[in-house]
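Novice: Next up is a structure, given as structure tokens.
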Amino acid sequence: IEIPQAPIEIIDHVLIARRCGVCGKIHTPRLSAADGVIGKMRVGPKLMSLIATLAIAKRMPLRSIQRLLESLYGVHISLGEITEILHKVAGFGKATVQDILRKIRGSPHAHGDETGWREDGINGYLWSFSTPKLRYFHFERSRAGAVAQKLLGICFGGVLVCDFYAGYNWY
């Protein structure tokens, strides 16, 4: 069994602006993710998703991702650009994450817990709020009850299932 070697396809989009003969307004076509373009990034959505998967799901260091892309595909991407790609991907998911938190806040019951967690060499706590179908995770350096109050909101009216940690006494 052998892995097929797929050549890299470099796509250079050239857009031509045209002026309307009637109104004089300049019109430039817009490209979308369906065209293989996301914003003003030089990498396409497939490479962005590969980088995000390696960094987030596989927890690979950025330098390892950089070397892997160089050795497998002959593509050199700087560490700064990899970081920017990860920020861009995080931005794509921001609305979905906020929607999950909104649904948990509006549910009739939620489970809350926090556990010690180390993120990028910083000690803190991973806060978790969940329902039978939704999970929300949030990293914070503090274990104070104000974090739970900020995440759930003071208007949460459901049943909060938690351990006997005093940080939930506000509820």
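Residue numbers start at 1 in each chain; chains themselves are named A, B, ... in the order of the structure tokens; ligands are numbered from 1 in the order shown.
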Extract, using only C-alpha atoms, all DNA, RNA and protein residues at most 12 Å from Arg118 of chain A, discarding same-chain residues fewer than 6 positions from it, and format them as a CSV table (one decimal) with N, CA and C atoms, in the first residue's frame.
Specialist:
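The result, stored in selection.csv:
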```
chain,number,residue,atom,x,y,z
A,124,GLY,N,-4.3,27.1,34.9
A,124,GLY,CA,-5.6,27.7,35.0
A,124,GLY,C,-6.7,26.6,35.2
A,125,TYR,N,-7.9,27.0,34.8
A,125,TYR,CA,-9.0,26.0,35.0
A,125,TYR,C,-9.8,25.9,33.7
A,126,LEU,N,-10.2,24.7,33.4
A,126,LEU,CA,-11.1,24.5,32.2
A,126,LEU,C,-12.5,24.4,32.8
A,139,PHE,N,-11.4,28.3,29.0
A,139,PHE,CA,-10.2,28.3,29.8
A,139,PHE,C,-10.2,29.7,30.5
A,140,GLU,N,-9.9,29.6,31.8
A,140,GLU,CA,-9.7,30.9,32.6
A,140,GLU,C,-8.7,30.6,33.6
A,141,ARG,N,-7.9,31.6,34.0
A,141,ARG,CA,-6.8,31.4,35.0
A,141,ARG,C,-7.5,31.4,36.4
```
Novice: Just asking: which residues within segment 72-114 of chain A are strand (DSSP E or B) according to DSSP, as a VMD selection string?
Specialist: chain A and resid 109 to 114
Novice: Just the alpha helix (DSSP H) stuff from chain A, please, per backbone DSSP, written as number ranges by chain.
Specialist: A: 45-52, 62-73, 79-105, 145-152
Novice: Looking at only C-alpha atoms, which of A:Tyr73, A:Tyr136, A:Tyr171, A:Trp117 is the one that sits closest to Lys103 of chain A?
Specialist: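 For Lys103 of chain A, the nearest of the given residues is A:Tyr136.
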Novice: May I have the residues within 12 Å of Leu72 of chain A as a list in words, using only C-alpha atoms and disregarding those fewer than 2 positions away in the same chain?
Specialist: Ile3, Pro4, Gln5, Ala6, Pro7, Ile8, Ser64, Ile65, Gln66, Arg67, Leu68, Leu69, Glu70, Gly74, Val75 and His76 of chain A
Novice: Could you give me, as a list of chain:residue names, the residues within 12 Å of Arg102 of chain A, counting only C-alpha atoms and dropping anything in the same chain fewer than 6 positions from it?
Specialist: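 In the requested format, the answer is A:Ala95, A:Thr96, A:Ala110, A:Phe129, A:Ser130, A:Thr131, A:Leu134, A:Arg135, A:Tyr136, A:Leu151, A:Leu152, A:Gly153, A:Cys155, A:Phe156.
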Novice: Could you please take those selected residues and save C-alpha atoms as a PDB file, in the first residue's frame?
Specialist:
```pdb
ATOM      1  CA  ALA A  95     -20.711  32.465  16.128  1.00  0.00           C
ATOM      2  CA  THR A  96     -21.302  28.727  16.570  1.00  0.00           C
ATOM      3  CA  ALA A 110     -27.132  22.467  32.864  1.00  0.00           C
ATOM      4  CA  PHE A 129     -21.047  23.657  31.048  1.00  0.00           C
ATOM      5  CA  SER A 130     -23.151  21.055  29.314  1.00  0.00           C
ATOM      6  CA  THR A 131     -26.594  19.718  28.583  1.00  0.00           C
ATOM      7  CA  LEU A 134     -24.354  20.544  24.080  1.00  0.00           C
ATOM      8  CA  ARG A 135     -20.892  21.117  25.556  1.00  0.00           C
ATOM      9  CA  TYR A 136     -19.174  24.437  26.206  1.00  0.00           C
ATOM     10  CA  LEU A 151     -20.441  32.291  31.537  1.00  0.00           C
ATOM     11  CA  LEU A 152     -23.942  31.230  32.599  1.00  0.00           C
ATOM     12  CA  GLY A 153     -25.209  34.762  33.031  1.00  0.00           C
ATOM     13  CA  CYS A 155     -30.429  35.356  34.096  1.00  0.00           C
ATOM     14  CA  PHE A 156     -29.899  31.577  33.975  1.00  0.00           C
TER      15      PHE A 156
END
```
Novice: Excluding Met41 of chain A and residues on its chain fewer than 2 positions from it, collect all residues at most 10 Å away from it, counting only C-alpha atoms, and give them as number ranges by chain.
Specialist: A: 37-39, 43-45, 48, 81, 84-85, 88
Novice: Which is closest to Glu9 of chain A among A:Glu114, A:Ala144, A:Leu47, A:Thr83, if we use only C-alpha atoms?
Specialist: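 Counting only C-alpha atoms, the residue closest to Glu9 of chain A is A:Leu47.
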Novice: Out of A:Arg143, A:His27, A:Lys150, A:His138, which residue has the shortest atom-to-atom distance to Tyr165 of chain A when counting only C-alpha atoms?
Specialist: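 Closest to Tyr165 of chain A, using only C-alpha atoms: A:Arg143.
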Novice: For atom CA of His87 of chain A and atom CA of Ala52 of chain A, quote the distance in Å rounded to one decimal.
Specialist: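 Spanning atom CA of His87 of chain A to atom CA of Ala52 of chain A is a straight-line distance of 9.5 Å.
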Novice: Rounded to one decimal in Å, what is the spacing between atom CA of Val97 of chain A and atom CA of Pro132 of chain A?
Specialist: 16.4 Å
Novice: Using Å and a single decimal, report how far atom CA of Gly112 of chain A sits from atom CA of Lys94 of chain A.
Specialist: 21.1 Å
